file my_file.txt (compact mmCIF, C-alpha atoms and all ligand atoms)
# COMPACT_ATOMS: atom_id res chain seq x y z
CA MET A 251 -9.90 21.37 19.25
CA ASP A 252 -8.93 23.69 16.38
CA PHE A 253 -10.17 22.60 12.97
CA LEU A 254 -8.24 23.86 9.94
CA GLN A 255 -9.62 23.49 6.42
CA PRO A 256 -7.10 24.59 3.78
CA THR A 257 -8.20 24.55 0.14
CA THR A 258 -4.75 24.50 -1.49
CA TRP A 259 -1.76 22.27 -0.73
CA VAL A 260 0.39 25.38 -0.16
CA ASP A 261 -2.03 26.49 2.55
CA ALA A 262 -2.01 22.94 3.92
CA ILE A 263 1.79 22.74 4.30
CA THR A 264 1.88 26.29 5.65
CA ALA A 265 -0.67 25.32 8.31
CA LYS A 266 1.37 22.18 9.12
CA ALA A 267 4.53 24.31 9.49
CA GLU A 268 2.79 26.76 11.80
CA ARG A 269 1.11 23.98 13.82
CA PRO A 270 3.35 20.86 13.69
CA ASP A 271 1.03 19.28 16.26
CA ALA A 272 -1.79 19.39 13.70
CA VAL A 273 -3.02 15.92 12.74
CA ALA A 274 -4.00 15.47 9.10
CA ILE A 275 -7.36 13.90 8.34
CA ALA A 276 -8.30 12.50 4.93
CA GLY A 277 -11.04 9.84 4.91
CA GLY A 278 -10.94 9.69 8.70
CA THR A 279 -11.48 5.91 8.66
CA ASP A 280 -8.45 5.28 10.89
CA LEU A 281 -8.37 8.54 12.78
CA MET A 282 -12.02 8.70 13.79
CA VAL A 283 -11.94 5.09 15.03
CA GLY A 284 -9.15 6.12 17.41
CA LEU A 285 -11.03 9.21 18.58
CA ASN A 286 -14.21 7.21 19.11
CA PHE A 287 -12.22 4.76 21.23
CA GLY A 288 -11.28 7.66 23.48
CA GLU A 289 -7.74 8.34 22.26
CA ARG A 290 -6.59 11.77 23.36
CA PRO A 291 -7.99 14.19 20.75
CA PRO A 292 -5.36 16.19 18.85
CA ALA A 293 -5.17 19.91 19.60
CA VAL A 294 -5.53 20.63 15.89
CA LEU A 295 -7.17 18.68 13.08
CA LEU A 296 -5.99 19.54 9.57
CA ASP A 297 -8.76 18.54 7.19
CA LEU A 298 -7.28 17.81 3.74
CA THR A 299 -10.54 16.94 1.98
CA GLY A 300 -10.93 20.47 0.58
CA VAL A 301 -7.49 20.51 -1.05
CA VAL A 302 -8.48 20.26 -4.70
CA GLU A 303 -4.97 19.37 -5.99
CA MET A 304 -4.98 16.23 -3.82
CA THR A 305 -8.22 14.89 -5.28
CA GLU A 306 -6.94 13.96 -8.74
CA TRP A 307 -4.64 11.39 -10.34
CA VAL A 308 -2.55 12.00 -13.44
CA ARG A 309 -0.31 9.91 -15.70
CA GLU A 310 3.20 11.34 -15.46
CA ASP A 311 6.64 10.00 -16.49
CA GLY A 312 5.55 6.37 -16.75
CA ALA A 313 3.74 6.43 -13.42
CA ILE A 314 0.29 7.21 -12.08
CA ARG A 315 0.54 10.07 -9.59
CA ILE A 316 -2.33 9.39 -7.20
CA GLY A 317 -3.28 12.48 -5.19
CA ALA A 318 -3.43 11.95 -1.44
CA GLY A 319 -7.19 12.52 -1.41
CA VAL A 320 -8.13 9.95 -4.06
CA PRO A 321 -10.24 7.23 -2.38
CA TYR A 322 -9.93 3.48 -3.01
CA ALA A 323 -13.26 3.47 -4.89
CA ARG A 324 -11.73 5.62 -7.62
CA ILE A 325 -8.56 3.52 -7.82
CA ILE A 326 -10.78 0.48 -8.39
CA ALA A 327 -12.99 2.22 -10.96
CA GLU A 328 -10.35 4.21 -12.83
CA LEU A 329 -6.92 2.64 -12.34
CA ALA A 330 -7.39 -1.15 -12.46
CA GLY A 331 -5.65 -1.29 -15.85
CA ASP A 332 -2.64 0.86 -14.93
CA THR A 333 -2.13 -0.27 -11.32
CA PRO A 334 -3.76 -3.72 -11.13
CA ALA A 335 -2.25 -4.97 -7.85
CA LEU A 336 -3.17 -1.76 -6.04
CA ALA A 337 -6.69 -1.97 -7.46
CA MET A 338 -6.98 -5.62 -6.35
CA ALA A 339 -5.84 -4.68 -2.85
CA SER A 340 -8.22 -1.71 -2.83
CA ARG A 341 -11.15 -4.02 -3.55
CA THR A 342 -10.41 -5.87 -0.30
CA VAL A 343 -10.35 -2.78 1.95
CA GLY A 344 -13.29 -2.59 4.37
CA SER A 345 -16.70 -2.06 2.78
CA PRO A 346 -18.05 0.17 -0.02
CA GLN A 347 -18.59 2.95 2.53
CA ILE A 348 -14.96 2.72 3.71
CA ARG A 349 -13.64 2.54 0.13
CA ASN A 350 -15.59 5.69 -0.78
CA ARG A 351 -13.74 7.71 1.88
CA ALA A 352 -10.46 6.01 2.72
CA THR A 353 -7.21 6.81 0.91
CA VAL A 354 -3.84 5.21 0.18
CA ALA A 355 -2.21 8.27 1.80
CA GLY A 356 -4.17 7.55 4.99
CA ASN A 357 -2.99 3.91 4.86
CA LEU A 358 0.59 5.21 4.58
CA GLY A 359 -0.01 7.77 7.34
CA THR A 360 -1.09 5.01 9.71
CA ALA A 361 1.70 2.72 8.41
CA SER A 362 0.14 -0.37 9.95
CA PRO A 363 1.98 -3.62 9.10
CA ALA A 364 -1.45 -4.86 7.96
CA GLY A 365 -2.32 -1.97 5.62
CA ASP A 366 -3.55 -3.50 2.36
CA ALA A 367 -2.13 -0.85 0.02
CA HIS A 368 1.43 -1.46 1.21
CA PRO A 369 2.31 -4.81 -0.45
CA PRO A 370 1.33 -3.59 -3.95
CA LEU A 371 3.22 -0.32 -3.40
CA LEU A 372 6.32 -2.34 -2.42
CA ALA A 373 5.97 -4.81 -5.29
CA THR A 374 5.69 -2.04 -7.87
CA GLY A 375 8.42 0.22 -6.49
CA ALA A 376 6.10 3.14 -5.71
CA VAL A 377 7.38 6.48 -4.46
CA VAL A 378 5.77 8.68 -1.79
CA GLU A 379 5.72 12.38 -2.61
CA ALA A 380 6.04 14.35 0.64
CA ALA A 381 5.93 18.12 0.98
CA SER A 382 6.57 20.80 3.56
CA VAL A 383 7.40 24.50 3.43
CA ARG A 384 11.03 23.31 3.11
CA GLY A 385 10.24 21.73 -0.26
CA ARG A 386 9.14 18.45 -1.82
CA ARG A 387 10.94 15.15 -1.54
CA LEU A 388 10.41 11.72 -3.06
CA ILE A 389 10.61 8.83 -0.60
CA PRO A 390 11.11 5.38 -2.19
CA ILE A 391 8.55 3.04 -0.65
CA ASP A 392 11.37 0.75 0.55
CA GLU A 393 12.48 3.58 2.87
CA PHE A 394 9.04 4.70 4.05
CA PHE A 395 8.14 2.16 6.76
CA LEU A 396 10.33 2.55 9.83
CA GLY A 397 8.56 0.36 12.41
CA VAL A 398 5.13 -0.62 13.68
CA LYS A 399 2.93 2.37 12.75
CA ARG A 400 6.02 4.54 12.17
CA ASN A 401 6.87 6.15 8.86
CA ALA A 402 9.52 8.41 7.36
CA LEU A 403 7.45 11.62 7.31
CA ALA A 404 8.95 14.54 9.23
CA ALA A 405 6.74 16.42 11.72
CA ASP A 406 6.07 19.23 9.25
CA GLU A 407 5.47 17.02 6.19
CA LEU A 408 2.30 15.91 4.45
CA ILE A 409 1.86 13.30 1.74
CA LEU A 410 0.89 15.07 -1.47
CA ALA A 411 0.66 12.00 -3.68
CA VAL A 412 1.88 8.47 -4.30
CA ARG A 413 3.56 7.64 -7.61
CA VAL A 414 2.89 4.10 -8.79
CA PRO A 415 4.71 2.92 -11.94
CA VAL A 416 2.33 1.95 -14.74
CA ALA A 417 2.16 -1.86 -14.84
CA ALA A 418 4.64 -3.41 -17.28
CA GLY A 419 3.28 -6.93 -16.88
CA PRO A 420 0.79 -8.98 -14.86
CA GLN A 421 0.31 -8.22 -11.16
CA GLN A 422 -1.49 -10.03 -8.35
CA PHE A 423 -2.55 -9.41 -4.77
CA ALA A 424 -3.73 -12.12 -2.39
CA LYS A 425 -4.94 -11.63 1.19
CA ILE A 426 -6.14 -14.05 3.80
CA GLY A 427 -8.43 -13.10 6.66
CA THR A 428 -10.78 -14.67 9.12
CA ARG A 429 -13.74 -13.93 6.84
CA ASN A 430 -14.28 -12.70 3.29
CA SER A 431 -14.76 -8.96 3.78
CA MET A 432 -14.40 -6.18 6.38
CA VAL A 433 -11.33 -7.94 7.64
CA ILE A 434 -7.81 -7.00 8.63
CA ALA A 435 -5.31 -9.20 6.79
CA VAL A 436 -3.89 -12.18 8.65
CA CYS A 437 -1.27 -11.92 5.93
CA SER A 438 -1.08 -10.73 2.34
CA VAL A 439 1.20 -10.86 -0.69
CA ALA A 440 1.58 -8.80 -3.86
CA VAL A 441 3.56 -9.79 -6.95
CA ALA A 442 4.39 -7.55 -9.92
CA LEU A 443 6.11 -8.77 -13.11
CA ASP A 444 7.93 -6.40 -15.43
CA MET A 445 8.10 -8.25 -18.75
CA ALA A 446 10.44 -5.76 -20.46
CA ALA A 447 12.92 -5.48 -17.60
CA ARG A 448 12.44 -9.18 -16.67
CA SER A 449 12.11 -8.23 -13.02
CA VAL A 450 9.81 -9.43 -10.25
CA GLY A 451 8.59 -7.29 -7.34
CA THR A 452 7.10 -8.58 -4.11
CA GLY A 453 5.37 -7.13 -1.07
CA ILE A 454 4.36 -8.89 2.14
CA GLY A 455 1.75 -7.56 4.57
CA SER A 456 0.83 -8.35 8.17
CA ALA A 457 3.77 -10.69 8.70
CA ALA A 458 6.57 -8.51 10.11
CA PRO A 459 6.87 -5.25 12.11
CA THR A 460 6.61 -3.41 8.79
CA PRO A 461 5.39 -4.34 5.35
CA ARG A 462 8.43 -5.62 3.47
CA ARG A 463 9.71 -7.14 0.26
CA ALA A 464 11.17 -10.61 -0.23
CA PRO A 465 14.37 -9.87 -2.22
CA ASP A 466 15.63 -13.46 -2.24
CA ALA A 467 12.30 -14.69 -3.68
CA GLU A 468 12.44 -11.91 -6.29
CA SER A 469 15.90 -12.87 -7.56
CA PHE A 470 14.98 -16.57 -7.50
CA ALA A 471 11.94 -15.87 -9.71
CA VAL A 472 13.97 -13.66 -12.07
CA ALA A 473 16.48 -16.49 -12.54
CA ASN A 474 13.89 -19.25 -12.95
CA LEU A 475 10.87 -17.88 -14.83
CA PRO A 476 10.77 -19.01 -18.50
CA TRP A 477 10.94 -15.41 -19.79
CA ALA A 478 12.13 -16.24 -23.30
CA SER A 479 9.64 -19.00 -24.11
CA GLY A 480 6.74 -17.69 -22.07
CA GLY A 481 6.05 -21.38 -21.42
CA ALA A 482 4.33 -22.90 -18.41
CA LEU A 483 5.59 -22.11 -14.93
CA ASP A 484 7.25 -25.11 -13.27
CA ASP A 485 5.31 -26.11 -10.12
CA GLU A 486 8.59 -26.52 -8.23
CA VAL A 487 9.64 -22.96 -9.12
CA ALA A 488 6.32 -21.61 -7.86
CA ARG A 489 6.62 -23.66 -4.66
CA GLU A 490 10.20 -22.53 -4.00
CA PHE A 491 9.18 -18.91 -4.65
CA GLY A 492 6.45 -19.30 -2.03
CA ALA A 493 8.91 -20.83 0.45
CA ARG A 494 11.32 -17.91 -0.05
CA VAL A 495 8.56 -15.33 0.43
CA ALA A 496 7.58 -17.05 3.69
CA ALA A 497 11.23 -17.11 4.78
CA ALA A 498 11.47 -13.33 4.31
CA ALA A 499 8.67 -12.72 6.83
CA ALA A 500 9.02 -12.28 10.58
CA PRO A 501 5.48 -12.99 11.78
CA ILE A 502 4.18 -13.06 15.33
CA ASP A 503 1.42 -14.90 17.16
CA ASP A 504 -1.54 -12.61 17.75
CA VAL A 505 -5.33 -12.65 17.90
CA ARG A 506 -5.61 -12.96 14.11
CA GLY A 507 -3.23 -15.86 13.59
CA SER A 508 -0.21 -17.76 14.77
CA GLU A 509 3.34 -17.29 13.53
CA ALA A 510 3.30 -20.80 12.03
CA TYR A 511 -0.04 -20.29 10.29
CA ARG A 512 1.12 -17.00 8.79
CA ARG A 513 4.30 -18.56 7.38
CA ARG A 514 2.33 -21.45 5.88
CA ALA A 515 -0.31 -19.11 4.44
CA LEU A 516 2.31 -16.77 2.98
CA ALA A 517 3.99 -19.64 1.14
CA VAL A 518 0.65 -20.69 -0.34
CA LEU A 519 -0.48 -17.15 -1.23
CA ALA A 520 2.86 -16.31 -2.85
CA ARG A 521 2.90 -19.56 -4.86
CA ARG A 522 -0.63 -18.85 -6.09
CA ALA A 523 0.06 -15.17 -6.82
CA LEU A 524 3.08 -16.00 -9.00
CA THR A 525 1.17 -18.80 -10.74
CA TRP A 526 -1.79 -16.52 -11.52
CA ALA A 527 0.49 -13.72 -12.69
CA TRP A 528 2.44 -16.07 -15.01
CA ALA A 529 -0.81 -17.51 -16.38
CA ASP A 530 -1.72 -13.93 -17.39
CA VAL A 531 1.55 -13.72 -19.35
CA GLY A 532 0.44 -16.75 -21.34
CA GLY A 533 -3.02 -15.29 -21.77
CA ALA A 534 -1.56 -12.12 -23.22
CA ARG A 535 0.35 -14.01 -25.93
C1 LIG B 601 -14.60 -0.66 9.21
C2 LIG B 601 -13.17 -0.47 8.75
C3 LIG B 601 -12.60 -1.41 7.90
C4 LIG B 601 -11.28 -1.25 7.48
N1 LIG B 601 -10.75 -2.19 6.63
C5 LIG B 601 -9.48 -2.06 6.21
C6 LIG B 601 -8.90 -3.02 5.35
O1 LIG B 601 -9.54 -4.00 4.94
N2 LIG B 601 -7.61 -2.83 4.96
C7 LIG B 601 -6.88 -1.75 5.36
O2 LIG B 601 -5.71 -1.61 4.95
N3 LIG B 601 -7.41 -0.82 6.19
C8 LIG B 601 -8.67 -0.94 6.61
N4 LIG B 601 -9.22 -0.01 7.46
C9 LIG B 601 -8.36 1.10 7.91
C10 LIG B 601 -8.47 2.37 7.03
O3 LIG B 601 -9.66 2.40 6.27
C11 LIG B 601 -7.27 2.49 6.06
O4 LIG B 601 -6.05 2.49 6.76
C12 LIG B 601 -7.36 3.74 5.18
O5 LIG B 601 -6.44 3.62 4.11
C13 LIG B 601 -7.10 5.03 5.95
O6 LIG B 601 -7.30 6.11 5.04
P1 LIG B 601 -8.03 7.48 5.50
O7 LIG B 601 -7.97 8.38 4.32
O8 LIG B 601 -9.37 7.21 6.05
O9 LIG B 601 -7.04 7.94 6.66
P2 LIG B 601 -7.30 8.90 7.94
O10 LIG B 601 -8.03 8.17 8.98
O11 LIG B 601 -7.83 10.20 7.49
O12 LIG B 601 -5.78 9.11 8.39
C14 LIG B 601 -4.99 8.03 8.81
C15 LIG B 601 -3.61 8.52 9.24
O13 LIG B 601 -2.92 9.07 8.12
C16 LIG B 601 -2.59 10.43 8.34
N5 LIG B 601 -2.79 11.11 7.04
C17 LIG B 601 -3.90 11.09 6.25
N6 LIG B 601 -3.67 11.77 5.12
C18 LIG B 601 -2.39 12.23 5.19
C19 LIG B 601 -1.57 13.01 4.32
N7 LIG B 601 -2.00 13.46 3.12
N8 LIG B 601 -0.29 13.30 4.72
C20 LIG B 601 0.18 12.84 5.91
N9 LIG B 601 -0.56 12.10 6.79
C21 LIG B 601 -1.83 11.79 6.42
C22 LIG B 601 -3.54 10.91 9.42
O14 LIG B 601 -2.99 11.98 10.18
C23 LIG B 601 -3.67 9.66 10.28
O15 LIG B 601 -2.55 9.52 11.11
C24 LIG B 601 -10.52 -0.12 7.89
C25 LIG B 601 -11.13 0.83 8.73
C26 LIG B 601 -12.43 0.66 9.14
C27 LIG B 601 -13.04 1.72 10.03
call {"tool": "encode", "arguments": {"input": "my_file.txt", "output": "structure tokens", "more": "lines below"}}
Ligand SMILES: Cc1cc2nc3c(=O)[nH]c(=O)nc-3n(C[C@H](O)[C@H](O)[C@H](O)COP(=O)(O)OP(=O)(O)OC[C@H]3O[C@@H](n4cnc5c(N)ncnc54)[C@H](O)[C@@H]3O)c2cc1C
result
Amino acid sequence: MDFLQPTTWVDAITAKAERPDAVAIAGGTDLMVGLNFGERPPAVLLDLTGVVEMTEWVREDGAIRIGAGVPYARIIAELAGDTPALAMASRTVGSPQIRNRATVAGNLGTASPAGDAHPPLLATGAVVEAASVRGRRLIPIDEFFLGVKRNALAADELILAVRVPVAAGPQQFAKIGTRNSMVIAVCSVAVALDMAARSVGTGIGSAAPTPRRAPDAESFAVANLPWASGGALDDEVAREFGARVAAAAAPIDDVRGSEAYRRRALAVLARRALTWAWADVGGAR
């Protein structure tokens, strides 16, 4: 196996252009599991951990541009105020050891329906910044997930960063698993409120072939939240929001949970997430 270790992103995309069969490795917490299970080793590993430009985040044009090499531990420690739902989801990933190494870019690279970063990225309207020797392009998160473990990256592209809009209101993330930690989601939900735009974003995980939004639930919440008064959220509105989130899913029966359980759990998680988020609106007044 060839092992390439670029130190600049230009060298990284040049290497990827010259060796399109090269497989990127960031934290290695997905990739190394596969190799240890005897998956056919790639001919070339492209180690991105030495690419300094990928290791930082910056505030830019109303968003936080999170370099592809920034691990979950730093998102939790440094970005909980600006990207609360992503930070909440990051706290639920694996263990401290995993969170010290693993990255959002690696989660996107794997593009598992169960990836915990995906619902908050969908709810907040994040954008994936991809690059190749042909140039850079911005992929809206809605267009990134193409199927089970399939994403919109071309063979010669790498993720340079993920741009997450700075929170403009309360956000929540809720995940259910078969135990409290070190667990793949049975299902998960993220909710993001934008108080200025009076919009509501959603993201659903582990309940369809890809992570997805629940557009009907979003427009229902926009029409029924008491934006002007900031008064209490009607229980019926929260319940109906949950039902519409569950209706947007297309879950399956598998070892982690049944289709029926996932739908029921999604409705409950979404109802709670909206209720908690709206309670934070009141708290801020
Ligand atoms: C014990 C354990 C617990 C876990 N718990 C969770 C959990 O609770 N929730 C969860 O969502 N996941 C979990 N995972 C899975 C994993 O930690 C996450 O998916 C993580 O985000 C992967 O990031 P990484 O940097 O380690 O990716 P890597 O393993 O380095 O890479 C993953 C994939 O992304 C590609 N890739 C990486 N960086 C780039 C880039 N810059 N451009 C293009 N492609 C790239 C790689 O080629 C590979 O295909 C767990 C894993 C383990 C081993």
call {"tool": "residues_around", "arguments": {"input": "my_file.txt", "residues": "A:Pro334", "least_positions_apart": "5", "cutoff": "8 Å", "atoms": "all atoms listed in the file", "output": "MDAnalysis selection string"}}
result
chainID A and resid 329 417 420:422
call {"tool": "write_last_selection", "arguments": {"input": "my_file.txt", "atoms": "C-alpha atoms", "output": "compact mmCIF listing (two decimals), in the coordinates of the input"}}
result
# COMPACT_ATOMS: atom_id res chain seq x y z
CA LEU A 329 -6.92 2.64 -12.34
CA ALA A 417 2.16 -1.86 -14.84
CA PRO A 420 0.79 -8.98 -14.86
CA GLN A 421 0.31 -8.22 -11.16
CA GLN A 422 -1.49 -10.03 -8.35
call {"tool": "residues_near_point", "arguments": {"input": "my_file.txt", "point": "(8.5, -19.1, -0.8)", "cutoff": "12 Å", "atoms": "all atoms listed in the file", "output": "CSV table (one decimal) with C-alpha atoms, keeping the file's coordinate frame"}}
result
chain,number,residue,atom,x,y,z
A,439,VAL,CA,1.2,-10.9,-0.7
A,452,THR,CA,7.1,-8.6,-4.1
A,454,ILE,CA,4.4,-8.9,2.1
A,464,ALA,CA,11.2,-10.6,-0.2
A,465,PRO,CA,14.4,-9.9,-2.2
A,466,ASP,CA,15.6,-13.5,-2.2
A,467,ALA,CA,12.3,-14.7,-3.7
A,468,GLU,CA,12.4,-11.9,-6.3
A,469,SER,CA,15.9,-12.9,-7.6
A,470,PHE,CA,15.0,-16.6,-7.5
A,471,ALA,CA,11.9,-15.9,-9.7
A,486,GLU,CA,8.6,-26.5,-8.2
A,487,VAL,CA,9.6,-23.0,-9.1
A,488,ALA,CA,6.3,-21.6,-7.9
A,489,ARG,CA,6.6,-23.7,-4.7
A,490,GLU,CA,10.2,-22.5,-4.0
A,491,PHE,CA,9.2,-18.9,-4.6
A,492,GLY,CA,6.4,-19.3,-2.0
A,493,ALA,CA,8.9,-20.8,0.4
A,494,ARG,CA,11.3,-17.9,0.0
A,495,VAL,CA,8.6,-15.3,0.4
A,496,ALA,CA,7.6,-17.0,3.7
A,497,ALA,CA,11.2,-17.1,4.8
A,498,ALA,CA,11.5,-13.3,4.3
A,499,ALA,CA,8.7,-12.7,6.8
A,513,ARG,CA,4.3,-18.6,7.4
A,514,ARG,CA,2.3,-21.4,5.9
A,515,ALA,CA,-0.3,-19.1,4.4
A,516,LEU,CA,2.3,-16.8,3.0
A,517,ALA,CA,4.0,-19.6,1.1
A,518,VAL,CA,0.6,-20.7,-0.3
A,519,LEU,CA,-0.5,-17.2,-1.2
A,520,ALA,CA,2.9,-16.3,-2.8
A,521,ARG,CA,2.9,-19.6,-4.9
A,522,ARG,CA,-0.6,-18.8,-6.1
A,523,ALA,CA,0.1,-15.2,-6.8
A,524,LEU,CA,3.1,-16.0,-9.0
call {"tool": "residues_near_point", "arguments": {"input": "my_file.txt", "point": "(-7.5, 19.5, -9.2)", "cutoff": "12 Å", "atoms": "only C-alpha atoms", "output": "PyMOL selection string"}}
result
chain A and resi 257-259+299-308+316-320
call {"tool": "residues_near_ligand", "arguments": {"input": "my_file.txt", "ligand": "ligand LIG 601 (chain B)", "cutoff": "8 Å", "atoms": "only C-alpha atoms and all ligand atoms", "output": "MDAnalysis selection string"}}
result
chainID A and resid 273:283 298 318:319 321:322 340 342:345 348:349 351:362 364:367 380 403 407:411 431:435
call {"tool": "closest_residue", "arguments": {"input": "my_file.txt", "among": "A:Ala442, A:Asp530, A:Arg463, A:Ile426", "to": "A:Tyr511", "atoms": "only C-alpha atoms"}}
result
A:Ile426
call {"tool": "residues_around", "arguments": {"input": "my_file.txt", "residues": "A:Phe394", "least_positions_apart": "3", "cutoff": "9 Å", "atoms": "only C-alpha atoms", "output": "list in words"}}
result
Leu358, Ala361, Val377, Val378, Ile389, Pro390, Ile391, Arg400, Asn401, Ala402 and Leu403 of chain A
call {"tool": "axis_aligned_box", "arguments": {"input": "my_file.txt", "around": "stretch 289-294 of chain A", "padding_each_side": "5 Å", "output": "lines of an AutoDock Vina configuration file"}}
result
center_x = -6.6
center_y = 14.5
center_z = 19.6
size_x = 12.8
size_y = 22.3
size_z = 17.5
call {"tool": "closest_residue", "arguments": {"input": "my_file.txt", "among": "A:Lys399, A:Pro370, A:Ala272, A:Val472", "to": "A:Gly455", "atoms": "all atoms listed in the file"}}
result
A:Pro370
call {"tool": "atom_distance", "arguments": {"input": "my_file.txt", "atom1": "atom CA of A:Ala440", "atom2": "atom CA of A:Asp504"}}
result
22.2 Å
call {"tool": "atom_distance", "arguments": {"input": "my_file.txt", "atom1": "atom CA of A:Thr525", "atom2": "atom CA of A:Asp484"}}
result
9.1 Å
call {"tool": "atom_distance", "arguments": {"input": "my_file.txt", "atom1": "atom CA of A:Gly427", "atom2": "atom CA of A:Thr333"}}
result
23.0 Å
call {"tool": "closest_atom_pairs", "arguments": {"input": "my_file.txt", "of": "stretch 322-388 of chain A", "to": "stretch 265-269 of chain A", "cutoff": "12 Å", "atoms": "all atoms listed in the file", "output": "CSV"}}
result
residue,atom,partner,partner_atom,distance
A:Ala381,CA,A:Lys266,CA,10.2
A:Ser382,CA,A:Ala267,CA,7.2
A:Val383,CA,A:Ala267,CA,6.7
A:Arg384,CA,A:Ala267,CA,9.2
A:Gly385,CA,A:Ala267,CA,11.6
call {"tool": "closest_residue", "arguments": {"input": "my_file.txt", "among": "A:Gly284, A:Pro291, A:Pro256, A:Pro346", "to": "A:Asp271", "atoms": "all atoms listed in the file"}}
result
A:Pro291
call {"tool": "residues_around", "arguments": {"input": "my_file.txt", "residues": "A:Val398", "least_positions_apart": "3", "cutoff": "7 Å", "atoms": "all atoms listed in the file", "output": "list in words"}}
result
Ser362, Pro363, Pro459 and Thr460 of chain A
call {"tool": "residues_around", "arguments": {"input": "my_file.txt", "residues": "A:Leu254", "least_positions_apart": "3", "cutoff": "8 Å", "atoms": "all atoms listed in the file", "output": "list in words"}}
result
Ala265, Val294, Leu295, Leu296 and Asp297 of chain A
call {"tool": "write_last_selection", "arguments": {"input": "my_file.txt", "atoms": "C-alpha atoms", "output": "compact mmCIF listing (two decimals), in the coordinates of the input"}}
result
# COMPACT_ATOMS: atom_id res chain seq x y z
CA ALA A 265 -0.67 25.32 8.31
CA VAL A 294 -5.53 20.63 15.89
CA LEU A 295 -7.17 18.68 13.08
CA LEU A 296 -5.99 19.54 9.57
CA ASP A 297 -8.76 18.54 7.19
call {"tool": "closest_residue", "arguments": {"input": "my_file.txt", "among": "A:Ala335, A:Arg290, A:Asp406, A:Ala446", "to": "A:Ala262", "atoms": "all atoms listed in the file"}}
result
A:Asp406
call {"tool": "closest_residue", "arguments": {"input": "my_file.txt", "among": "A:Asp261, A:Ala447, A:Ala405, A:Phe423", "to": "A:Met338", "atoms": "all atoms listed in the file"}}
result
A:Phe423
